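File shown: coords-v9.csv. Contents: CSV, C-alpha atoms and all ligand atoms.
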```
chain,number,residue,atom,x,y,z
A,4,MET,CA,-24.6,33.4,-4.5
A,5,SER,CA,-28.3,33.2,-3.8
A,6,VAL,CA,-29.8,29.9,-4.9
A,7,SER,CA,-32.8,27.7,-4.5
A,8,ILE,CA,-31.9,24.1,-4.9
A,9,LEU,CA,-34.1,21.1,-5.6
A,10,ILE,CA,-32.5,17.8,-4.4
A,11,VAL,CA,-33.9,14.9,-6.4
A,12,ASP,CA,-32.9,11.5,-5.0
A,13,ASP,CA,-34.9,8.4,-4.1
A,14,SER,CA,-32.8,7.7,-1.0
A,15,PRO,CA,-33.8,9.8,2.1
A,16,GLU,CA,-30.3,9.2,3.5
A,17,ASP,CA,-28.6,10.6,0.4
A,18,ARG,CA,-30.9,13.6,0.3
A,19,GLU,CA,-30.0,14.2,4.0
A,20,VAL,CA,-26.3,14.1,3.1
A,21,LEU,CA,-26.8,16.7,0.4
A,22,ARG,CA,-28.9,18.9,2.5
A,23,ARG,CA,-26.3,18.9,5.3
A,24,THR,CA,-23.5,19.6,2.9
A,25,LEU,CA,-25.4,22.5,1.5
A,26,ALA,CA,-25.9,23.9,5.0
A,27,GLU,CA,-22.1,24.0,5.4
A,28,PHE,CA,-21.7,26.5,2.7
A,29,PRO,CA,-20.1,29.5,4.4
A,30,GLY,CA,-22.2,32.7,4.4
A,31,GLU,CA,-24.7,31.4,1.9
A,32,GLU,CA,-28.5,31.8,2.0
A,33,ILE,CA,-29.6,28.5,0.4
A,34,ALA,CA,-33.2,27.4,0.2
A,35,THR,CA,-33.5,23.6,-0.3
A,36,TYR,CA,-36.4,21.6,-1.6
A,37,GLU,CA,-36.7,17.8,-2.1
A,38,ALA,CA,-38.2,15.3,-4.5
A,39,SER,CA,-37.9,11.5,-4.5
A,40,ASP,CA,-38.7,10.7,-8.1
A,41,GLU,CA,-39.1,12.2,-11.6
A,42,ALA,CA,-42.8,13.0,-11.2
A,43,SER,CA,-42.5,14.8,-7.9
A,44,CYS,CA,-39.4,16.6,-9.3
A,45,LEU,CA,-41.4,18.0,-12.2
A,46,MET,CA,-44.3,18.9,-10.0
A,47,ARG,CA,-42.0,20.9,-7.6
A,48,LEU,CA,-40.4,22.7,-10.6
A,49,HIS,CA,-43.9,23.7,-11.8
A,50,GLU,CA,-44.8,24.9,-8.3
A,51,LEU,CA,-41.6,26.6,-7.4
A,52,ARG,CA,-40.5,28.7,-10.3
A,53,HIS,CA,-37.7,30.4,-8.4
A,54,ILE,CA,-35.6,27.2,-8.2
A,55,ASN,CA,-32.5,27.7,-10.2
A,56,CYS,CA,-30.4,24.6,-9.6
A,57,VAL,CA,-31.3,20.9,-9.5
A,58,LEU,CA,-29.1,18.2,-7.9
A,59,LEU,CA,-30.3,15.2,-9.8
A,60,ASP,CA,-29.5,11.6,-8.8
A,61,TYR,CA,-28.6,9.5,-11.8
A,62,SER,CA,-30.3,6.3,-10.5
A,63,LEU,CA,-33.9,7.4,-10.0
A,64,PRO,CA,-36.5,4.5,-9.7
A,65,GLY,CA,-38.4,3.6,-12.9
A,66,ARG,CA,-37.0,6.0,-15.4
A,67,ASP,CA,-33.4,7.0,-14.9
A,68,GLY,CA,-32.1,10.4,-14.1
A,69,LEU,CA,-31.0,10.9,-17.7
A,70,LYS,CA,-34.5,10.6,-19.0
A,71,ALA,CA,-35.7,13.0,-16.3
A,72,LEU,CA,-33.4,15.7,-17.8
A,73,SER,CA,-35.6,16.4,-20.9
A,74,GLY,CA,-38.7,16.9,-18.7
A,75,ILE,CA,-36.8,19.3,-16.4
A,76,PHE,CA,-35.6,21.4,-19.4
A,77,SER,CA,-39.0,21.4,-20.9
A,78,ILE,CA,-40.3,23.2,-17.8
A,79,ASN,CA,-37.3,25.6,-17.6
A,80,PRO,CA,-34.5,25.6,-20.2
A,81,ASP,CA,-32.5,27.9,-18.0
A,82,LEU,CA,-32.2,25.5,-15.0
A,83,ALA,CA,-28.7,24.6,-13.8
A,84,VAL,CA,-28.5,20.8,-13.3
A,85,VAL,CA,-25.7,19.0,-11.5
A,86,MET,CA,-25.9,15.2,-12.0
A,87,ILE,CA,-25.1,13.2,-8.9
A,88,THR,CA,-23.6,9.9,-10.1
A,89,GLY,CA,-22.9,6.7,-8.2
A,90,TYR,CA,-19.5,5.0,-8.0
A,91,GLY,CA,-18.4,3.6,-11.4
A,92,SER,CA,-21.1,5.4,-13.4
A,93,GLU,CA,-18.9,8.4,-14.5
A,94,HIS,CA,-19.6,7.6,-18.2
A,95,ILE,CA,-23.2,8.5,-17.4
A,96,ALA,CA,-21.9,12.0,-16.5
A,97,VAL,CA,-20.7,12.4,-20.1
A,98,GLU,CA,-24.2,11.5,-21.4
A,99,ALA,CA,-25.8,13.8,-18.9
A,100,MET,CA,-23.6,16.7,-20.1
A,101,LYS,CA,-24.5,16.0,-23.7
A,102,LEU,CA,-28.2,16.2,-22.8
A,103,GLY,CA,-27.7,19.6,-21.1
A,104,ALA,CA,-26.6,19.0,-17.5
A,105,GLN,CA,-23.9,21.6,-16.7
A,106,ASP,CA,-21.8,19.6,-14.3
A,107,TYR,CA,-21.6,16.3,-12.4
A,108,LEU,CA,-20.4,15.0,-9.1
A,109,SER,CA,-19.8,11.5,-8.0
A,110,LYS,CA,-21.5,10.6,-4.6
A,111,SER,CA,-18.1,9.5,-3.2
A,112,MET,CA,-16.7,13.0,-4.0
A,113,ILE,CA,-19.3,15.1,-2.2
A,114,THR,CA,-17.8,17.7,0.1
A,115,ALA,CA,-18.9,21.2,0.8
A,116,ASP,CA,-16.2,22.6,-1.5
A,117,ASN,CA,-16.8,20.3,-4.4
A,118,LEU,CA,-20.6,20.7,-4.2
A,119,GLN,CA,-20.3,24.5,-4.0
A,120,ARG,CA,-17.9,24.6,-7.0
A,121,ALA,CA,-20.2,22.4,-9.1
A,122,ILE,CA,-23.3,24.5,-8.2
A,123,VAL,CA,-21.5,27.8,-9.0
A,124,ASN,CA,-20.1,26.3,-12.2
A,125,ALA,CA,-23.5,25.1,-13.3
A,126,THR,CA,-25.4,28.3,-12.5
A,127,GLU,CA,-22.8,30.4,-14.2
A,128,ARG,CA,-22.8,28.3,-17.3
A,129,THR,CA,-26.6,28.4,-17.4
A,130,GLU,CA,-26.6,32.2,-17.1
A,131,MET,CA,-24.1,32.4,-20.0
A,132,ARG,CA,-26.2,30.1,-22.1
A,133,ARG,CA,-29.3,32.1,-21.4
A,134,LYS,CA,-27.5,35.3,-22.5
A,135,ILE,CA,-26.2,33.7,-25.7
A,136,ARG,CA,-29.7,32.4,-26.5
A,137,GLU,CA,-31.2,35.8,-25.9
A,138,GLN,CA,-28.6,37.4,-28.2
A,139,GLN,CA,-29.3,34.8,-30.9
A,140,GLU,CA,-33.0,35.4,-30.6
A,141,SER,CA,-32.6,39.1,-31.0
A,142,LEU,CA,-30.2,38.7,-33.9
A,143,GLN,CA,-32.7,36.4,-35.6
A,144,SER,CA,-35.6,38.7,-35.1
A,145,PHE,CA,-33.5,41.6,-36.3
A,146,ALA,CA,-32.7,39.5,-39.5
A,147,HIS,CA,-36.4,38.8,-39.9
A,148,VAL,CA,-37.3,42.5,-39.8
A,149,LEU,CA,-34.4,43.3,-42.1
A,150,VAL,CA,-35.5,40.8,-44.7
A,151,HIS,CA,-39.2,41.9,-44.6
A,152,ASP,CA,-38.6,45.6,-44.4
A,153,LEU,CA,-35.8,45.9,-46.9
A,154,ARG,CA,-37.3,43.6,-49.5
A,155,SER,CA,-40.6,45.5,-49.9
A,156,PRO,CA,-39.0,48.8,-51.0
A,157,LEU,CA,-36.9,46.8,-53.4
A,158,ARG,CA,-40.0,45.2,-54.9
A,159,SER,CA,-41.3,48.7,-55.3
A,160,ILE,CA,-38.2,49.8,-57.2
A,161,ARG,CA,-38.5,46.8,-59.5
A,162,THR,CA,-42.2,47.4,-60.1
A,163,ALA,CA,-41.5,51.1,-60.8
A,164,ILE,CA,-38.7,50.3,-63.3
A,165,ASP,CA,-40.9,47.6,-65.0
A,166,GLY,CA,-43.6,50.3,-65.3
A,167,LEU,CA,-41.1,52.8,-66.8
A,168,ILE,CA,-40.0,50.2,-69.3
A,169,GLU,CA,-43.6,49.6,-70.4
A,170,ASP,CA,-44.4,53.3,-70.7
A,171,LEU,CA,-41.3,55.0,-72.1
A,172,PRO,CA,-41.0,55.5,-75.9
A,173,GLY,CA,-38.6,53.1,-77.6
A,174,GLU,CA,-35.8,55.5,-78.4
A,175,VAL,CA,-35.8,56.9,-74.7
A,176,LEU,CA,-35.5,53.3,-73.5
A,177,THR,CA,-32.6,52.5,-75.9
A,178,ASP,CA,-30.8,55.7,-74.9
A,179,ASN,CA,-31.2,54.8,-71.2
A,180,SER,CA,-31.0,51.1,-71.2
A,181,GLU,CA,-27.6,51.1,-69.5
A,182,ILE,CA,-28.9,53.1,-66.6
A,183,LEU,CA,-32.0,51.0,-66.3
A,184,ASP,CA,-30.0,47.8,-66.3
A,185,PHE,CA,-27.7,49.3,-63.7
A,186,VAL,CA,-30.7,50.0,-61.4
A,187,LEU,CA,-32.2,46.6,-61.9
A,188,ASP,CA,-28.9,44.9,-61.4
A,189,GLY,CA,-28.4,46.8,-58.2
A,190,ALA,CA,-31.8,45.9,-56.9
A,191,GLU,CA,-31.1,42.2,-57.7
A,192,ARG,CA,-27.8,42.4,-55.9
A,193,VAL,CA,-29.2,43.9,-52.7
A,194,ASP,CA,-32.0,41.3,-52.8
A,195,SER,CA,-29.5,38.3,-52.9
A,196,LEU,CA,-27.5,40.0,-50.2
A,197,ILE,CA,-30.5,40.2,-47.9
A,198,VAL,CA,-31.4,36.5,-48.6
A,199,ALA,CA,-27.8,35.4,-47.9
A,200,LEU,CA,-27.7,37.5,-44.7
A,201,GLU,CA,-30.9,35.9,-43.5
A,202,GLY,CA,-29.4,32.4,-44.2
A,203,TYR,CA,-26.3,33.4,-42.3
A,204,THR,CA,-28.1,34.6,-39.2
A,205,GLN,CA,-30.4,31.6,-39.1
A,206,VAL,CA,-27.7,28.9,-39.0
A,207,ASP,CA,-28.1,28.4,-35.2
A,208,GLY,CA,-31.9,28.4,-35.3
A,209,GLU,CA,-33.8,25.6,-33.5
A,210,GLN,CA,-35.6,24.6,-36.7
A,211,ASN,CA,-32.6,22.9,-38.1
A,212,ARG,CA,-33.0,19.5,-36.4
A,213,PHE,CA,-30.3,16.8,-36.6
A,214,ALA,CA,-30.7,13.3,-38.1
A,215,VAL,CA,-28.6,10.4,-39.4
A,216,VAL,CA,-27.9,11.5,-43.0
A,217,ASP,CA,-26.2,9.7,-46.0
A,218,LEU,CA,-23.9,12.3,-47.6
A,219,ASN,CA,-24.0,10.4,-50.9
A,220,LEU,CA,-27.7,11.4,-51.2
A,221,GLN,CA,-26.8,15.0,-50.3
A,222,VAL,CA,-24.3,15.2,-53.1
A,223,ASP,CA,-26.8,13.7,-55.5
A,224,ALA,CA,-29.2,16.5,-54.5
A,225,VAL,CA,-26.6,19.2,-55.0
A,226,ARG,CA,-25.7,17.7,-58.4
A,227,ALA,CA,-29.4,18.0,-59.4
A,228,ASN,CA,-29.7,21.5,-58.0
A,229,LEU,CA,-26.6,22.7,-59.9
A,230,MET,CA,-27.4,20.9,-63.1
A,231,VAL,CA,-28.0,24.1,-65.1
A,232,ASP,CA,-24.7,25.7,-63.9
A,233,LEU,CA,-22.7,22.5,-64.4
A,234,LYS,CA,-24.0,22.2,-68.0
A,235,ALA,CA,-23.5,25.9,-68.7
A,236,GLN,CA,-19.8,25.8,-67.6
A,237,ASN,CA,-19.1,22.3,-69.0
A,238,ALA,CA,-18.2,21.4,-65.4
A,239,ARG,CA,-18.1,18.1,-63.5
A,240,LEU,CA,-18.9,17.1,-60.0
A,241,VAL,CA,-17.2,13.8,-59.2
A,242,SER,CA,-17.9,11.9,-56.0
A,243,SER,CA,-16.2,8.8,-54.8
A,244,GLY,CA,-19.7,7.4,-54.0
A,245,GLU,CA,-18.4,6.2,-50.7
A,246,LEU,CA,-19.2,9.1,-48.5
A,247,PRO,CA,-20.1,8.4,-44.9
A,248,THR,CA,-23.4,8.7,-43.0
A,249,ILE,CA,-23.2,11.3,-40.3
A,250,TYR,CA,-25.4,12.9,-37.7
A,251,CYS,CA,-26.3,16.3,-38.9
A,252,SER,CA,-28.9,18.8,-40.1
A,253,ALA,CA,-29.5,17.6,-43.7
A,254,PRO,CA,-30.6,21.0,-45.1
A,255,GLN,CA,-27.6,22.7,-43.6
A,256,ILE,CA,-25.0,20.2,-44.7
A,257,GLY,CA,-26.6,20.2,-48.2
A,258,GLN,CA,-26.3,24.0,-48.3
A,259,LEU,CA,-22.6,23.8,-47.2
A,260,ILE,CA,-21.8,21.2,-49.9
A,261,GLN,CA,-23.7,23.3,-52.5
A,262,ASN,CA,-21.8,26.5,-51.6
A,263,ILE,CA,-18.4,24.9,-51.8
A,264,VAL,CA,-19.1,23.0,-55.0
A,265,SER,CA,-20.5,26.2,-56.7
A,266,ASN,CA,-17.5,28.2,-55.6
A,267,GLY,CA,-15.2,25.4,-57.0
A,268,ILE,CA,-16.9,25.8,-60.4
A,269,LYS,CA,-17.3,29.6,-60.3
A,270,TYR,CA,-13.7,30.5,-59.4
A,271,ASN,CA,-12.4,28.3,-62.1
A,272,ARG,CA,-11.0,29.0,-65.6
A,273,SER,CA,-10.1,25.4,-66.6
A,274,GLU,CA,-11.6,24.0,-69.8
A,275,VAL,CA,-13.5,21.4,-67.8
A,276,PRO,CA,-14.0,22.9,-64.3
A,277,GLU,CA,-14.2,20.0,-61.8
A,278,VAL,CA,-14.9,19.5,-58.1
A,279,ARG,CA,-14.0,16.1,-56.6
A,280,ILE,CA,-15.5,15.0,-53.3
A,281,SER,CA,-13.9,12.2,-51.2
A,282,ALA,CA,-13.9,11.2,-47.6
A,283,ARG,CA,-11.4,9.7,-45.2
A,284,GLN,CA,-11.7,8.8,-41.5
A,285,THR,CA,-9.4,9.6,-38.5
A,286,GLU,CA,-10.0,8.1,-35.1
A,287,THR,CA,-12.6,10.7,-34.2
A,288,HIS,CA,-13.6,12.5,-37.3
A,289,TRP,CA,-14.7,12.2,-40.9
A,290,LEU,CA,-12.7,14.5,-43.2
A,291,ILE,CA,-14.8,15.4,-46.3
A,292,GLU,CA,-12.5,16.9,-49.0
A,293,PHE,CA,-13.7,19.1,-51.9
A,294,SER,CA,-10.9,19.7,-54.4
A,295,ASP,CA,-11.2,21.8,-57.4
A,296,ASN,CA,-9.0,22.7,-60.4
A,297,GLY,CA,-9.9,26.4,-60.1
A,298,ILE,CA,-7.9,29.6,-60.0
A,299,GLY,CA,-6.6,29.0,-56.4
A,300,ILE,CA,-6.2,31.4,-53.5
A,301,GLU,CA,-3.1,33.3,-52.4
A,302,ALA,CA,-1.7,32.0,-49.1
A,303,ASN,CA,-2.1,35.3,-47.3
A,304,SER,CA,-5.9,35.4,-48.2
A,305,LEU,CA,-6.7,31.9,-47.0
A,306,ASN,CA,-7.6,32.8,-43.4
A,307,ARG,CA,-9.9,35.7,-44.5
A,308,ILE,CA,-12.1,34.0,-47.1
A,309,PHE,CA,-14.3,32.7,-44.2
A,310,ASP,CA,-15.0,36.2,-42.9
A,311,PRO,CA,-18.5,37.6,-43.7
A,312,PHE,CA,-18.4,39.8,-46.8
A,313,HIS,CA,-14.8,39.2,-47.6
A,314,ARG,CA,-14.4,38.7,-51.3
A,315,LEU,CA,-11.1,38.4,-53.3
A,316,HIS,CA,-12.8,39.4,-56.5
A,317,ARG,CA,-14.9,42.2,-57.8
A,318,ASP,CA,-18.5,41.6,-58.9
A,319,GLN,CA,-17.5,42.4,-62.5
A,320,GLU,CA,-15.1,39.5,-62.4
A,321,PHE,CA,-17.1,36.9,-60.3
A,322,ASP,CA,-20.5,37.7,-58.9
A,323,GLY,CA,-21.3,37.0,-55.2
A,324,THR,CA,-22.3,38.3,-51.8
A,325,GLY,CA,-19.3,37.1,-49.8
A,326,LEU,CA,-21.4,35.2,-47.3
A,327,GLY,CA,-21.2,31.7,-48.7
A,328,LEU,CA,-18.1,30.5,-46.9
A,329,ALA,CA,-18.9,32.4,-43.7
A,330,THR,CA,-22.3,30.5,-43.6
A,331,CYS,CA,-20.4,27.2,-44.3
A,332,LYS,CA,-18.0,27.8,-41.5
A,333,LYS,CA,-20.9,28.6,-39.1
A,334,ILE,CA,-22.7,25.4,-40.2
A,335,ALA,CA,-19.5,23.3,-39.6
A,336,GLU,CA,-19.0,24.8,-36.2
A,337,ARG,CA,-22.7,24.2,-35.3
A,338,HIS,CA,-21.9,20.5,-36.0
A,339,ASN,CA,-18.9,20.5,-33.7
A,340,GLY,CA,-16.8,20.4,-36.8
A,341,SER,CA,-14.5,22.7,-38.7
A,342,LEU,CA,-13.9,23.9,-42.2
A,343,TYR,CA,-10.5,24.9,-43.6
A,344,CYS,CA,-8.7,25.3,-46.9
A,345,ARG,CA,-5.4,24.7,-48.6
A,346,SER,CA,-4.7,26.1,-52.1
A,347,GLU,CA,-2.2,26.7,-54.8
A,348,VAL,CA,-2.7,29.6,-57.2
A,349,GLY,CA,-3.3,28.3,-60.7
A,350,VAL,CA,-3.6,24.7,-59.6
A,351,GLY,CA,-6.7,24.6,-57.4
A,352,SER,CA,-8.1,24.5,-53.8
A,353,VAL,CA,-9.0,21.8,-51.3
A,354,PHE,CA,-11.7,22.6,-48.8
A,355,THR,CA,-11.8,20.1,-45.9
A,356,LEU,CA,-14.9,19.7,-43.7
A,357,ALA,CA,-14.1,17.8,-40.5
A,358,LEU,CA,-17.1,16.3,-38.8
A,359,PRO,CA,-17.3,14.1,-35.7
A,360,ALA,CA,-17.8,10.5,-36.8
A,361,LEU,CA,-20.9,8.5,-35.6
A,362,PRO,CA,-20.0,6.0,-32.8
A,363,GLU,CA,-19.7,2.4,-34.2
A,401,LIG,N1,-12.9,27.4,-54.7
A,401,LIG,C1,-12.4,28.7,-54.7
A,401,LIG,N2,-11.3,29.0,-55.5
A,401,LIG,C2,-10.9,30.3,-55.5
A,401,LIG,N3,-11.4,31.3,-54.7
A,401,LIG,C3,-12.4,31.0,-53.9
A,401,LIG,C4,-13.0,29.7,-53.9
A,401,LIG,N4,-14.0,29.7,-53.0
A,401,LIG,C5,-14.0,31.0,-52.5
A,401,LIG,N5,-13.1,31.7,-53.1
A,401,LIG,C6,-12.9,33.2,-52.8
A,401,LIG,O1,-13.4,33.4,-51.5
A,401,LIG,C7,-14.3,34.5,-51.5
A,401,LIG,C8,-15.4,34.2,-50.5
A,401,LIG,O2,-16.2,33.1,-51.0
A,401,LIG,P1,-17.8,33.0,-50.6
A,401,LIG,O3,-18.3,31.8,-51.1
A,401,LIG,O4,-17.8,33.3,-49.1
A,401,LIG,O5,-18.4,34.3,-51.3
A,401,LIG,P2,-18.9,34.5,-52.8
A,401,LIG,O6,-18.7,33.3,-53.6
A,401,LIG,O7,-18.1,35.7,-53.2
A,401,LIG,O8,-20.4,34.9,-52.6
A,401,LIG,P3,-21.6,33.9,-52.3
A,401,LIG,O9,-21.1,32.5,-52.1
A,401,LIG,O10,-22.2,34.5,-51.0
A,401,LIG,O11,-22.5,34.1,-53.4
A,401,LIG,C9,-14.8,34.6,-53.0
A,401,LIG,O12,-15.2,35.9,-53.3
A,401,LIG,C10,-13.6,34.1,-53.7
A,401,LIG,O13,-12.8,35.2,-54.0
A,402,MG,MG,-19.6,31.5,-52.8
```
Could I get this file's structure written as structure tokens?
Amino acid sequence: MSVSILIVDDSPEDREVLRRTLAEFPGEEIATYEASDEASCLMRLHELRHINCVLLDYSLPGRDGLKALSGIFSINPDLAVVMITGYGSEHIAVEAMKLGAQDYLSKSMITADNLQRAIVNATERTEMRRKIREQQESLQSFAHVLVHDLRSPLRSIRTAIDGLIEDLPGEVLTDNSEILDFVLDGAERVDSLIVALEGYTQVDGEQNRFAVVDLNLQVDAVRANLMVDLKAQNARLVSSGELPTIYCSAPQIGQLIQNIVSNGIKYNRSEVPEVRISARQTETHWLIEFSDNGIGIEANSLNRIFDPFHRLHRDQEFDGTGLGLATCKKIAERHNGSLYCRSEVGVGSVFTLALPALPE
């Protein structure tokens, strides 16, 4: 392990304890630096770009250590931070971890072993997070290129076909209308696939910020978006009107609701297709249930419907790209939640979205 560590603590005695403990690490080359408050911590991080781990005292003067975290990550999002908490402030550790610190250690627990373990743990986690972020970024830029490079030849195909339709004599058009429809339909299908694929790869993107969101309003928006489909199929979207308010990305949860509701109406042969949305609460989660009176899903297919591109029906029967539920599942997981389904063939399906409840 080769690390440069910044000790941030307002007490010179506590900094001394940490420095001595670090010096006890067997066979390690450790460079230590010190700061006594948030401002000097940020300044040192600006100056010393090679620092890869910060030992951060929770009780810094003025602003507390928790607030300092955001400043630290704005300078370098790949820094490993171990929060050093005082006696009885372990709950702070949980907050610190939520804000991005990788580990914590109570002052009363500081020994060479514990400190070394926390630093190794924090730096390894940071390294892993950096790799995941890089992979996500490369996937997103790949998706971006895919969307732009594939859509433009598709546009050319459409334009060429439109030109043909204008120029060809009537009887040739009539004789070949099936082929032309086939080509246009194919181009249309590839286009929706590209758009769906782009949506799928962007679920984890930074642009989807979280906020406190009333799900009743999201359902109203979905009802308005699907108005034409609902009317065309004589279908109903029924909501208990008592859905909760949760902390989420509104566009993503709206997209999830819309995908599940439109599946419930699409895979449905009832006279009046219906999707009912209701919610109930467990100790830790909200369970949002979407039940339909559709065709149902065989038990042995239930675990595969969430896989990308897995479809149980052919396009001739029901149209689709096979990315709807895969995207929904990714969205649920990004919200620390889950999405699952139970179903009975010929009766209907119930999709359950489990999301962490807001603290009281
Ligand atoms: N409510 C449902 N009832 C019955 N089958 C369903 C239901 N929802 C999904 N399925 C089955 O699961 C498959 C995957 O659904 P998913 O929403 O991922 O894709 P899709 O509807 O085929 O395409 P897309 O939503 O991307 O346009 C569907 O093809 C369908 O066979
Ligand atoms: Mg779908």
Using all atoms listed in the file, I'd like a table of the residues in stretch 201-244 of chain A that come within 12 Å of stretch 340-362 of chain A; for each, show the closest atom pair and its distance in Å rounded to one decimal, ordered by chain and ascending number, as a Markdown table.
```
| residue | atom | partner | partner_atom | distance |
| --- | --- | --- | --- | --- |
| A:Ala214 | CA | A:Leu361 | CA | 11.2 |
| A:Val215 | CA | A:Leu361 | CA | 8.8 |
| A:Val216 | CA | A:Leu361 | CA | 10.6 |
| A:Asp217 | CA | A:Leu361 | CA | 11.7 |
| A:Leu218 | CA | A:Leu358 | CA | 11.8 |
```
- Residues at most 8 Å from A:Val278, counting only C-alpha atoms, excluding those fewer than 3 positions away in the same chain, as a list in words?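 Once the nearby chain positions are removed, what remains is Arg239, Leu240, Val241, Val264, Gly267, Ile268, Phe293, Ser294, Asp295 and Asn296 of chain A.
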Keeping C-alpha atoms, export the residues of the selection given above as an mmCIF file, in the frame of the given file.
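Saved the output as selection_33.cif:
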```
data_model
loop_
_atom_site.group_PDB
_atom_site.id
_atom_site.type_symbol
_atom_site.label_atom_id
_atom_site.label_comp_id
_atom_site.auth_asym_id
_atom_site.auth_seq_id
_atom_site.Cartn_x
_atom_site.Cartn_y
_atom_site.Cartn_z
ATOM 1 C CA ARG A 239 -18.100 18.100 -63.500
ATOM 2 C CA LEU A 240 -18.900 17.100 -60.000
ATOM 3 C CA VAL A 241 -17.200 13.800 -59.200
ATOM 4 C CA VAL A 264 -19.100 23.000 -55.000
ATOM 5 C CA GLY A 267 -15.200 25.400 -57.000
ATOM 6 C CA ILE A 268 -16.900 25.800 -60.400
ATOM 7 C CA PHE A 293 -13.700 19.100 -51.900
ATOM 8 C CA SER A 294 -10.900 19.700 -54.400
ATOM 9 C CA ASP A 295 -11.200 21.800 -57.400
ATOM 10 C CA ASN A 296 -9.000 22.700 -60.400
#
```
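Nearest-residue note for ligand LIG 401 (chain A): choosing from A:Ile164, A:Val206, A:Ile291, A:Leu259, the minimum distance belongs to A:Leu259, counting all atoms listed in the file.
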- Task: Quick one: residues within 12 Å of (-11.1, 7.1, -46.0) (file frame), counting only C-alpha atoms, please, as a list in words.
- Result: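 Counting only C-alpha atoms, I find these residues within 12 Å of (-11.1, 7.1, -46.0): Ser243, Gly244, Glu245, Leu246, Pro247, Ile280, Ser281, Ala282, Arg283, Gln284, Thr285, Glu286, His288, Trp289, Leu290, Ile291, Glu292 and Ala360 of chain A.
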- Item | Expected selection as a PyMOL selection string for ligand LIG 401 (chain A) within 6 Å, all atoms listed in the file | chain A and resi 266-267+270+297-300+308+313-316+323-329+352
- Query: Which residue out of A:Leu9, A:Ile87, A:Val150, A:Ala302 has the minimum interatomic distance to A:Arg52 when all atoms listed in the file are used?
  - Reply: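 Checking each of A:Leu9, A:Ile87, A:Val150, A:Ala302 against A:Arg52, counting all atoms listed in the file, the winner is A:Leu9.
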- Query: What lies within 9 Å of A:Ser62 using all atoms listed in the file, ignoring chain neighbours under 3 positions off, as a ChimeraX atom specification?
  - Reply: /A:12-13,59,65-69,87-89
- Within-12 Å shell of (-31.8, 34.4, -42.3) in input frame, all atoms listed in the file, as a ChimeraX atom specification: /A:139-140,142-151,195-208,210,326,330
- One residue among A:Lys101, A:Arg279, A:Gln261, A:Ala115 is nearest to A:Asn228 when using all atoms listed in the file, and that residue is A:Gln261
- State, in Å with one decimal place, the distance from atom CA of A:Val85 to atom CA of A:Leu108. 7.1 Å
- Query: By how many Å are atom CA of A:Leu63 and atom CA of A:Ala38 apart?
  - Reply: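 These atoms are spaced 10.5 Å apart.
One finds atom CA of A:Glu41 at 8.5 Å from atom CA of A:Gly74.
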- Query: Given the choices A:Val231, A:Val275, A:Ile263, A:Ile256, which gets closest to ligand MG 402 (chain A) if the distance is worked out from only C-alpha atoms and all ligand atoms?
  - Reply: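 Smallest separation from ligand MG 402 (chain A) among the options: A:Ile263.
Counting only C-alpha atoms and comparing A:Ile249, A:Leu167, A:Leu157, A:Ala235, the residue that lies closest to A:Lys269 is A:Ala235.
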- Task: Return the single residue from A:Asn55, A:Asn237, A:Thr287, A:Asn262 that is closest to ligand MG 402 (chain A), with distances computed using all atoms listed in the file.
- Result: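 Smallest separation from ligand MG 402 (chain A) among the options: A:Asn262.
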- Query: Using only C-alpha atoms, which residues sit within 10 Å of A:Leu183 once same-chain residues fewer than 6 positions away are excluded, as a ChimeraX atom specification?
  - Reply: /A:164-165,167-168,176-177,189
I need the residues from that last selection saved to file as a PDB file, in the coordinates of the input (with C-alpha atoms), if you can.
```pdb
ATOM      1  CA  ILE A 164     -38.700  50.300 -63.300  1.00  0.00           C
ATOM      2  CA  ASP A 165     -40.900  47.600 -65.000  1.00  0.00           C
ATOM      3  CA  LEU A 167     -41.100  52.800 -66.800  1.00  0.00           C
ATOM      4  CA  ILE A 168     -40.000  50.200 -69.300  1.00  0.00           C
ATOM      5  CA  LEU A 176     -35.500  53.300 -73.500  1.00  0.00           C
ATOM      6  CA  THR A 177     -32.600  52.500 -75.900  1.00  0.00           C
ATOM      7  CA  GLY A 189     -28.400  46.800 -58.200  1.00  0.00           C
TER       8      GLY A 189
END
```
